$ cat work-v4.txt   # compact mmCIF, C-alpha atoms
# COMPACT_ATOMS: atom_id res chain seq x y z
CA MET A 1 -12.99 17.77 -37.56
CA PHE A 2 -13.40 20.80 -35.31
CA ALA A 3 -16.75 21.93 -36.71
CA LYS A 4 -18.12 22.05 -33.17
CA THR A 5 -15.47 24.42 -31.85
CA ARG A 6 -17.06 27.67 -33.02
CA GLU A 7 -20.35 26.61 -31.47
CA LEU A 8 -18.55 25.73 -28.22
CA GLU A 9 -16.75 29.08 -28.15
CA GLU A 10 -20.05 30.91 -28.60
CA ARG A 11 -21.63 28.86 -25.82
CA TYR A 12 -18.65 29.54 -23.54
CA ASP A 13 -18.95 33.28 -24.07
CA GLU A 14 -22.70 33.08 -23.49
CA ILE A 15 -22.20 31.22 -20.18
CA GLU A 16 -19.66 33.81 -19.01
CA ARG A 17 -22.27 36.52 -19.68
CA HIS A 18 -24.89 34.56 -17.70
CA LEU A 19 -22.52 34.09 -14.74
CA SER A 20 -22.06 37.85 -14.43
CA GLN A 21 -25.80 38.61 -14.37
CA PRO A 22 -27.25 39.51 -10.92
CA ASP A 23 -30.46 37.49 -11.40
CA VAL A 24 -28.41 34.34 -12.15
CA ILE A 25 -26.13 34.97 -9.15
CA ARG A 26 -29.21 35.20 -6.92
CA ASP A 27 -30.63 31.93 -8.30
CA GLN A 28 -28.18 29.42 -6.83
CA LYS A 29 -29.51 26.44 -8.84
CA ALA A 30 -29.14 28.32 -12.13
CA TYR A 31 -25.71 29.66 -11.09
CA GLN A 32 -24.46 26.16 -10.18
CA ARG A 33 -25.74 24.79 -13.48
CA TYR A 34 -23.91 27.46 -15.51
CA ALA A 35 -20.77 27.19 -13.35
CA LYS A 36 -20.65 23.43 -13.87
CA GLU A 37 -20.96 23.81 -17.67
CA HIS A 38 -18.35 26.58 -17.63
CA SER A 39 -15.96 24.31 -15.72
CA MET A 40 -16.45 21.51 -18.27
CA LEU A 41 -15.89 23.81 -21.26
CA THR A 42 -12.86 25.69 -19.86
CA PRO A 43 -10.18 23.05 -20.69
CA ILE A 44 -11.63 22.63 -24.21
CA ILE A 45 -11.58 26.37 -24.91
CA ALA A 46 -8.07 26.74 -23.43
CA SER A 47 -6.79 23.88 -25.62
CA LEU A 48 -8.59 25.28 -28.68
CA ARG A 49 -7.10 28.75 -28.20
CA GLU A 50 -3.61 27.30 -27.80
CA TYR A 51 -4.15 25.25 -30.98
CA GLN A 52 -5.28 28.37 -32.86
CA SER A 53 -2.30 30.35 -31.54
CA VAL A 54 0.19 27.73 -32.80
CA ARG A 55 -1.52 27.66 -36.21
CA ASN A 56 -1.17 31.44 -36.43
CA GLU A 57 2.51 31.21 -35.49
CA ILE A 58 3.05 28.69 -38.30
CA LYS A 59 1.43 31.09 -40.80
CA GLU A 60 3.62 33.94 -39.58
CA ASN A 61 6.77 31.86 -39.98
CA GLN A 62 5.71 30.66 -43.43
CA SER A 63 5.63 34.28 -44.56
CA LEU A 64 9.35 34.47 -43.68
CA LEU A 65 10.31 31.60 -46.01
CA ASP A 66 10.60 34.07 -48.90
CA ASP A 67 12.75 36.51 -46.94
CA PRO A 68 16.01 37.48 -48.71
CA ASP A 69 17.95 36.75 -45.48
CA SER A 70 19.01 33.06 -45.66
CA GLU A 71 19.61 32.82 -41.89
CA LEU A 72 16.09 34.10 -41.22
CA ARG A 73 14.67 31.59 -43.70
CA GLN A 74 16.53 28.75 -41.95
CA LEU A 75 15.27 29.88 -38.52
CA ALA A 76 11.72 30.05 -39.90
CA ARG A 77 11.98 26.47 -41.28
CA GLU A 78 13.24 25.13 -37.94
CA GLU A 79 10.53 27.02 -36.06
CA ILE A 80 7.81 25.67 -38.40
CA GLU A 81 9.05 22.12 -37.86
CA THR A 82 8.86 22.50 -34.07
CA LEU A 83 5.45 24.20 -34.23
CA ARG A 84 4.00 21.49 -36.50
CA SER A 85 5.08 18.86 -34.00
CA ASN A 86 3.41 20.83 -31.21
CA LEU A 87 0.29 21.25 -33.37
CA LEU A 88 -0.04 17.49 -33.83
CA ASN A 89 0.09 16.96 -30.06
CA LEU A 90 -2.41 19.76 -29.46
CA GLU A 91 -4.71 18.32 -32.13
CA LYS A 92 -4.63 14.94 -30.41
CA ASP A 93 -5.40 16.54 -27.03
CA LEU A 94 -8.22 18.60 -28.52
CA LYS A 95 -9.75 15.55 -30.20
CA MET A 96 -9.75 13.81 -26.83
CA LEU A 97 -11.39 16.80 -25.16
CA LEU A 98 -14.04 16.99 -27.89
CA LEU A 99 -15.14 13.39 -27.34
CA PRO A 100 -18.68 13.23 -25.91
CA LYS A 101 -18.35 13.59 -22.15
CA ASP A 102 -19.77 11.12 -19.70
CA PRO A 103 -21.90 13.42 -17.54
CA ASN A 104 -21.08 11.28 -14.51
CA ASP A 105 -17.27 11.54 -14.72
CA GLU A 106 -17.01 14.27 -12.08
CA LYS A 107 -19.34 12.53 -9.64
CA ASN A 108 -18.66 10.64 -6.43
CA ILE A 109 -19.78 7.01 -6.48
CA LEU A 110 -21.58 4.33 -4.58
CA LEU A 111 -19.51 1.17 -4.85
CA GLU A 112 -21.59 -1.98 -4.36
CA ILE A 113 -19.73 -5.27 -3.83
CA ARG A 114 -21.75 -8.50 -3.57
CA ALA A 115 -20.69 -12.11 -3.10
CA GLY A 116 -21.85 -14.26 -6.01
CA THR A 117 -21.29 -17.95 -6.65
CA GLY A 118 -18.90 -19.61 -4.24
CA GLY A 119 -20.54 -19.24 -0.83
CA GLU A 120 -18.24 -18.26 2.03
CA GLU A 121 -15.20 -18.07 -0.26
CA ALA A 122 -17.01 -15.52 -2.46
CA ALA A 123 -17.86 -13.49 0.65
CA LEU A 124 -14.21 -13.52 1.73
CA PHE A 125 -13.13 -12.34 -1.72
CA ALA A 126 -15.75 -9.57 -1.55
CA ALA A 127 -13.90 -8.43 1.61
CA ASP A 128 -10.59 -8.58 -0.32
CA LEU A 129 -12.04 -6.36 -3.05
CA PHE A 130 -13.42 -3.96 -0.43
CA ARG A 131 -9.91 -3.59 1.03
CA MET A 132 -8.40 -3.24 -2.47
CA TYR A 133 -10.71 -0.37 -3.40
CA GLY A 134 -10.22 1.19 0.04
CA ARG A 135 -6.45 1.22 -0.43
CA TYR A 136 -6.83 2.64 -3.93
CA ALA A 137 -9.00 5.43 -2.50
CA GLU A 138 -6.29 6.18 0.09
CA ILE A 139 -3.66 6.42 -2.66
CA LYS A 140 -5.90 8.84 -4.57
CA GLY A 141 -6.68 10.91 -1.48
CA TRP A 142 -10.40 10.07 -1.67
CA LYS A 143 -12.75 9.75 1.29
CA THR A 144 -14.76 6.55 1.90
CA GLU A 145 -17.80 5.84 4.05
CA ILE A 146 -19.60 2.54 4.54
CA LEU A 147 -23.31 3.03 3.87
CA SER A 148 -24.46 -0.56 4.35
CA GLN A 149 -22.91 -3.94 5.04
CA ASN A 150 -24.02 -7.52 5.51
CA THR A 151 -21.18 -9.54 7.05
CA THR A 152 -20.55 -13.25 7.46
CA GLY A 153 -19.24 -14.93 10.57
CA ILE A 154 -15.61 -15.28 9.41
CA GLY A 155 -14.89 -11.81 8.08
CA GLY A 156 -16.52 -11.87 4.66
CA PHE A 157 -19.22 -9.71 3.13
CA LYS A 158 -22.43 -10.90 1.53
CA GLU A 159 -22.84 -7.28 0.47
CA ILE A 160 -21.19 -3.96 1.23
CA ILE A 161 -22.00 -0.50 -0.15
CA ILE A 162 -19.43 2.30 0.12
CA LEU A 163 -19.65 5.98 -0.72
CA VAL A 164 -16.40 7.16 -2.33
CA GLU A 165 -15.90 10.93 -2.51
CA GLY A 166 -13.13 12.80 -4.31
CA LYS A 167 -11.92 14.27 -7.57
CA ARG A 168 -13.30 12.48 -10.66
CA VAL A 169 -13.96 9.26 -8.78
CA TYR A 170 -16.48 7.91 -11.30
CA SER A 171 -14.15 8.59 -14.24
CA ARG A 172 -11.50 6.36 -12.66
CA LEU A 173 -13.68 3.52 -11.35
CA LYS A 174 -16.48 3.28 -13.91
CA TYR A 175 -14.83 0.36 -15.71
CA GLU A 176 -14.87 -1.77 -12.53
CA SER A 177 -18.55 -2.74 -12.90
CA GLY A 178 -19.07 -6.40 -13.67
CA VAL A 179 -18.21 -9.89 -12.48
CA HIS A 180 -14.84 -10.37 -10.79
CA ARG A 181 -13.74 -14.00 -10.66
CA VAL A 182 -11.25 -15.44 -8.16
CA GLN A 183 -9.30 -18.69 -8.46
CA ARG A 184 -7.56 -19.86 -5.31
CA VAL A 185 -7.41 -22.56 -2.63
CA PRO A 186 -9.89 -21.59 0.13
CA GLU A 187 -8.64 -21.67 3.72
CA THR A 188 -11.38 -24.21 4.49
CA GLU A 189 -10.23 -26.56 1.70
CA ALA A 190 -8.41 -29.48 3.27
CA GLN A 191 -7.27 -31.14 0.04
CA GLY A 192 -5.71 -28.06 -1.52
CA ARG A 193 -8.04 -27.86 -4.51
CA ILE A 194 -8.41 -24.58 -6.39
CA HIS A 195 -11.93 -23.18 -6.27
CA THR A 196 -13.48 -20.58 -8.57
CA SER A 197 -15.79 -18.00 -7.01
CA ALA A 198 -17.34 -14.78 -8.23
CA VAL A 199 -18.12 -11.34 -6.85
CA THR A 200 -20.19 -8.67 -8.59
CA VAL A 201 -19.14 -5.03 -8.45
CA ALA A 202 -21.38 -2.12 -9.45
CA VAL A 203 -20.19 1.48 -9.67
CA LEU A 204 -23.09 3.92 -9.42
CA PRO A 205 -22.68 7.70 -9.76
CA GLU A 206 -23.83 9.41 -6.58
CA ALA A 207 -27.15 11.11 -7.26
CA GLU A 208 -27.71 14.55 -5.82
CA GLU A 209 -31.18 15.84 -5.10
CA ILE A 210 -31.08 17.94 -8.27
CA ASP A 211 -30.37 14.77 -10.32
CA VAL A 212 -33.36 12.76 -9.13
CA GLU A 213 -36.66 14.10 -7.89
CA ILE A 214 -38.41 11.69 -5.52
CA ASN A 215 -42.05 12.22 -4.63
CA PRO A 216 -42.44 11.47 -0.89
CA ASP A 217 -45.83 9.91 -1.69
CA ASP A 218 -44.00 7.26 -3.77
CA LEU A 219 -42.10 6.00 -0.70
CA ARG A 220 -43.05 3.45 1.91
CA ILE A 221 -40.76 3.76 4.93
CA ASP A 222 -40.68 0.97 7.52
CA VAL A 223 -38.66 1.03 10.74
CA TYR A 224 -37.70 -2.05 12.71
CA ARG A 225 -35.15 -3.32 15.18
CA SER A 226 -31.67 -4.08 13.89
CA SER A 227 -30.47 -7.67 13.76
CA GLY A 228 -27.08 -9.37 13.66
CA HIS A 229 -23.78 -8.20 15.12
CA GLY A 230 -23.86 -4.81 16.76
CA GLY A 231 -23.53 -5.05 20.53
CA GLN A 232 -25.83 -3.86 23.25
CA HIS A 233 -27.67 -1.26 21.14
CA VAL A 234 -29.08 -3.88 18.77
CA ASN A 235 -32.72 -4.84 19.36
CA VAL A 236 -33.21 -1.97 21.79
CA THR A 237 -34.72 0.67 19.49
CA ASP A 238 -36.45 0.64 16.12
CA SER A 239 -33.50 2.28 14.35
CA ALA A 240 -33.24 0.15 11.18
CA VAL A 241 -34.93 1.62 8.10
CA ARG A 242 -36.37 0.01 4.98
CA ILE A 243 -37.40 2.32 2.14
CA THR A 244 -39.50 1.02 -0.77
CA HIS A 245 -39.84 3.14 -3.91
CA ILE A 246 -43.28 1.99 -5.00
CA PRO A 247 -43.21 2.95 -8.74
CA SER A 248 -39.91 1.14 -9.43
CA GLY A 249 -40.11 -1.54 -6.74
CA LEU A 250 -36.58 -0.68 -5.54
CA VAL A 251 -36.00 -1.52 -1.87
CA VAL A 252 -33.13 -0.18 0.25
CA THR A 253 -32.40 -1.08 3.87
CA CYS A 254 -29.90 0.40 6.31
CA GLN A 255 -29.27 -0.60 9.92
CA ASP A 256 -25.61 0.33 10.48
CA GLU A 257 -26.27 3.45 12.55
CA LYS A 258 -27.86 3.64 16.01
CA SER A 259 -29.86 6.67 14.84
CA GLN A 260 -32.98 6.12 12.75
CA HIS A 261 -32.44 9.51 11.08
CA LYS A 262 -28.89 8.62 10.01
CA ASN A 263 -30.04 5.25 8.66
CA LYS A 264 -32.82 6.97 6.71
CA ALA A 265 -30.37 9.53 5.25
CA LYS A 266 -27.97 6.77 4.14
CA ALA A 267 -30.81 4.69 2.67
CA MET A 268 -32.09 7.72 0.71
CA LYS A 269 -28.58 8.32 -0.68
CA VAL A 270 -28.45 4.72 -1.96
CA LEU A 271 -32.01 4.93 -3.33
CA ARG A 272 -31.31 8.17 -5.25
CA SER A 273 -28.20 6.67 -6.87
CA ARG A 274 -30.00 3.47 -7.84
CA LEU A 275 -32.88 5.45 -9.33
CA LEU A 276 -30.45 7.65 -11.30
CA ASP A 277 -28.67 4.55 -12.59
CA HIS A 278 -32.02 2.97 -13.46
CA GLU A 279 -33.12 6.08 -15.41
CA GLN A 280 -29.80 6.33 -17.26
CA ALA A 281 -29.89 2.63 -18.14
CA GLU A 282 -33.37 3.08 -19.62
CA GLN A 283 -32.19 6.09 -21.64
CA GLN A 284 -29.20 4.13 -22.88
CA SER A 285 -31.32 1.17 -23.95
CA ARG A 286 -33.54 3.51 -25.96
CA ILE A 287 -30.51 4.93 -27.77
CA SER A 288 -28.69 1.63 -28.28
CA GLU A 289 -29.30 -2.11 -28.09
CA GLU A 290 -26.33 -2.47 -25.78
CA ARG A 291 -27.16 -2.97 -22.12
CA ARG A 292 -25.12 -1.26 -19.47
CA ASN A 293 -23.40 -3.66 -17.13
CA MET A 294 -24.65 -1.92 -14.01
CA VAL A 295 -27.24 -2.34 -11.28
CA GLY A 296 -30.64 -1.61 -12.81
CA SER A 297 -29.72 -2.86 -16.29
CA GLY A 298 -30.12 -6.52 -15.34
CA ASP A 299 -26.94 -7.48 -17.19
CA ARG A 300 -24.35 -8.87 -14.80
CA SER A 301 -23.28 -11.90 -16.78
CA GLU A 302 -20.07 -10.46 -18.21
CA ARG A 303 -16.90 -11.64 -16.50
CA ILE A 304 -14.54 -8.70 -16.68
CA ARG A 305 -11.55 -9.84 -14.60
CA THR A 306 -9.95 -12.95 -13.11
CA TYR A 307 -7.66 -12.95 -10.06
CA ASN A 308 -5.60 -16.16 -10.07
CA PHE A 309 -3.77 -16.59 -6.75
CA PRO A 310 -1.67 -19.72 -7.53
CA GLN A 311 -0.13 -17.92 -10.54
CA GLY A 312 -0.11 -14.46 -8.91
CA ARG A 313 -1.84 -12.93 -11.92
CA ALA A 314 -4.76 -10.66 -12.72
CA THR A 315 -6.33 -10.80 -16.18
CA ASP A 316 -8.70 -8.19 -17.57
CA HIS A 317 -10.66 -10.01 -20.26
CA ARG A 318 -11.96 -6.88 -22.02
CA ILE A 319 -8.50 -5.78 -23.17
CA HIS A 320 -6.75 -9.18 -22.90
CA LEU A 321 -4.26 -7.79 -20.38
CA THR A 322 -2.54 -10.14 -17.94
CA LEU A 323 -0.29 -8.82 -15.17
CA TYR A 324 1.70 -11.00 -12.80
CA LYS A 325 1.36 -8.37 -10.09
CA LEU A 326 -1.63 -9.66 -8.14
CA GLU A 327 -0.22 -8.65 -4.74
CA ASN A 328 0.40 -5.08 -5.94
CA ILE A 329 -3.12 -4.81 -7.37
CA LEU A 330 -4.74 -6.11 -4.17
CA ARG A 331 -2.65 -3.56 -2.23
CA GLY A 332 -4.49 -0.85 -4.14
CA GLU A 333 -2.17 -0.28 -7.10
CA LEU A 334 -5.20 -0.42 -9.37
CA ASP A 335 -3.87 2.09 -11.87
CA LEU A 336 -1.87 -0.83 -13.29
CA LEU A 337 -5.21 -1.98 -14.74
CA ILE A 338 -7.25 1.23 -14.84
CA GLY A 339 -4.64 3.12 -16.92
CA PRO A 340 -4.64 0.63 -19.82
CA LEU A 341 -8.43 0.28 -19.61
CA THR A 342 -8.94 4.04 -19.86
CA THR A 343 -6.51 4.30 -22.79
CA HIS A 344 -8.28 1.43 -24.57
CA PHE A 345 -11.78 2.89 -24.25
CA GLN A 346 -10.61 6.41 -25.20
CA THR A 347 -8.88 5.00 -28.30
CA GLU A 348 -12.06 3.13 -29.25
CA ALA A 349 -14.06 6.33 -28.80
CA LEU A 350 -11.63 8.26 -31.01
CA LYS A 351 -11.98 5.60 -33.74
CA GLY A 352 -15.74 5.89 -33.54
CA GLY A 353 -15.58 9.67 -33.74
CA SER A 354 -13.15 9.92 -36.63
$ encode --input "work-v4.txt" --output "structure tokens"
Amino acid sequence: MFAKTRELEERYDEIERHLSQPDVIRDQKAYQRYAKEHSMLTPIIASLREYQSVRNEIKENQSLLDDPDSELRQLAREEIETLRSNLLNLEKDLKMLLLPKDPNDEKNILLEIRAGTGGEEAALFAADLFRMYGRYAEIKGWKTEILSQNTTGIGGFKEIIILVEGKRVYSRLKYESGVHRVQRVPETEAQGRIHTSAVTVAVLPEAEEIDVEINPDDLRIDVYRSSGHGGQHVNVTDSAVRITHIPSGLVVTCQDEKSQHKNKAKAMKVLRSRLLDHEQAEQQSRISEERRNMVGSGDRSERIRTYNFPQGRATDHRIHLTLYKLENILRGELDLLIGPLTTHFQTEALKGGS
């Protein structure tokens, strides 16, 4: 079961040697790469060494079971029982740590929320989800920044893209990608009928420059005057930016800032993350027939969750979990859903690895 551990220990020791070498310290890219791998391996090695220590303690106590002193034998038996219980817990933890890591788990994310079927009601629910994720980020102590938004006249969003920065953001929110369905009576509905609308959510790991190399010759950058709400600065300068990545056909626009340079920087951040997602989706499809339910994979048909307002419930269809705590969830208490989801997918991964 732990055949990999010796190899991991050797690699850990090798990385520690690299990190102490002057030529690596001078090469910041190489140093960061080794430091990142060292950080990922540290909890595994610490858990492994604790596991090995407890096993050694059990062996030492077993040697006392033949001692002529009956009290010492009894103490050894009790100690072995306690240590075996600890060993089982450590083994479970180590198995979890040895599961293949998602390389994106430590990353910040771009959260894209788009109104789907349902017109204005879908746009209003997109705004509800934006507030829900914003409150969850506050609870977690994460930082959020709006990169792009396309609003409707009555407070909804046709589309909004947010950068979320913090500790292990992707690991917590990666299961939110998919179609979110809402069932409620719209404010504009005179006869009190329940409508069903849909919003799509995509969680993209933020791509750093080292993750995705973009050839400037592959970009077409257009500038134009902003349109829509924005006050006196709109339509005064050519500050809006549209970037087209010619090889992939991806197009990103940004007009939120008054500065053309800021809009370009935000648009490039979105483009890098979409390209990274696109590349990873292609790699995944080569490995497996399964399509990732993310932007770039083309698969957005799966309904993952339903928010039913008349009944005050939220249902996650992937794990068949229904909670009658809709108000709490919309206030940002998303761990009510994310906790069980994470446990479910980790359990499935353990089954696959055993």
$ residues_around --input "work-v4.txt" --residues "Thr144 in chain A" --least-positions-apart "5" --cutoff "8 Å" --atoms "all atoms listed in the file" --output "VMD selection string"
chain A and resid 134 137 162 to 165
$ closest_atom_pairs --input "work-v4.txt" --of "range 15-134 of chain A" --to "range 178-189 of chain A" --cutoff "9 Å" --atoms "only C-alpha atoms" --output "Markdown table"
| residue | atom | partner | partner_atom | distance |
| --- | --- | --- | --- | --- |
| A:Gly116 | CA | A:Val179 | CA | 8.6 |
| A:Glu121 | CA | A:Pro186 | CA | 6.4 |
| A:Ala122 | CA | A:Val182 | CA | 8.1 |
| A:Phe125 | CA | A:Val182 | CA | 7.4 |
$ write_last_selection --input "work-v4.txt" --atoms "C-alpha atoms" --output "PDB file, keeping the file's coordinate frame"
ATOM      1  CA  GLY A 116     -21.850 -14.260  -6.010  1.00  0.00           C
ATOM      2  CA  GLU A 121     -15.200 -18.070  -0.260  1.00  0.00           C
ATOM      3  CA  ALA A 122     -17.010 -15.520  -2.460  1.00  0.00           C
ATOM      4  CA  PHE A 125     -13.130 -12.340  -1.720  1.00  0.00           C
TER       5      PHE A 125
END
$ atom_distance --input "work-v4.txt" --atom1 "CA of Leu336 in chain A" --atom2 "CA of Lys143 in chain A"
21.0 Å
$ atom_distance --input "work-v4.txt" --atom1 "CA of Glu60 in chain A" --atom2 "CA of Ile80 in chain A"
9.3 Å
$ closest_residue --input "work-v4.txt" --among "A:Arg313, A:Ser197, A:Val212, A:Leu41" --to "Pro100 in chain A" --atoms "all atoms listed in the file"
A:Leu41
$ residues_around --input "work-v4.txt" --residues "Thr42 in chain A" --least-positions-apart "4" --cutoff "8 Å" --atoms "only C-alpha atoms" --output "list in words"
Tyr12, His38 and Ala46 of chain A
$ residues_around --input "work-v4.txt" --residues "Ile304 in chain A" --least-positions-apart "6" --cutoff "12 Å" --atoms "all atoms listed in the file" --output "number ranges by chain"
A: 175-182, 198-202, 293, 314-321, 337, 341
$ atom_distance --input "work-v4.txt" --atom1 "CA of Glu91 in chain A" --atom2 "CA of Glu78 in chain A"
20.1 Å
$ residues_around --input "work-v4.txt" --residues "Ser85 in chain A" --least-positions-apart "4" --cutoff "12 Å" --atoms "only C-alpha atoms" --output "ChimeraX atom specification"
/A:51,54-55,58,78-81,89-92
$ residues_around --input "work-v4.txt" --residues "Lys158 in chain A" --least-positions-apart "4" --cutoff "8 Å" --atoms "all atoms listed in the file" --output "PyMOL selection string"
chain A and resi 114-115+123+126+149-152
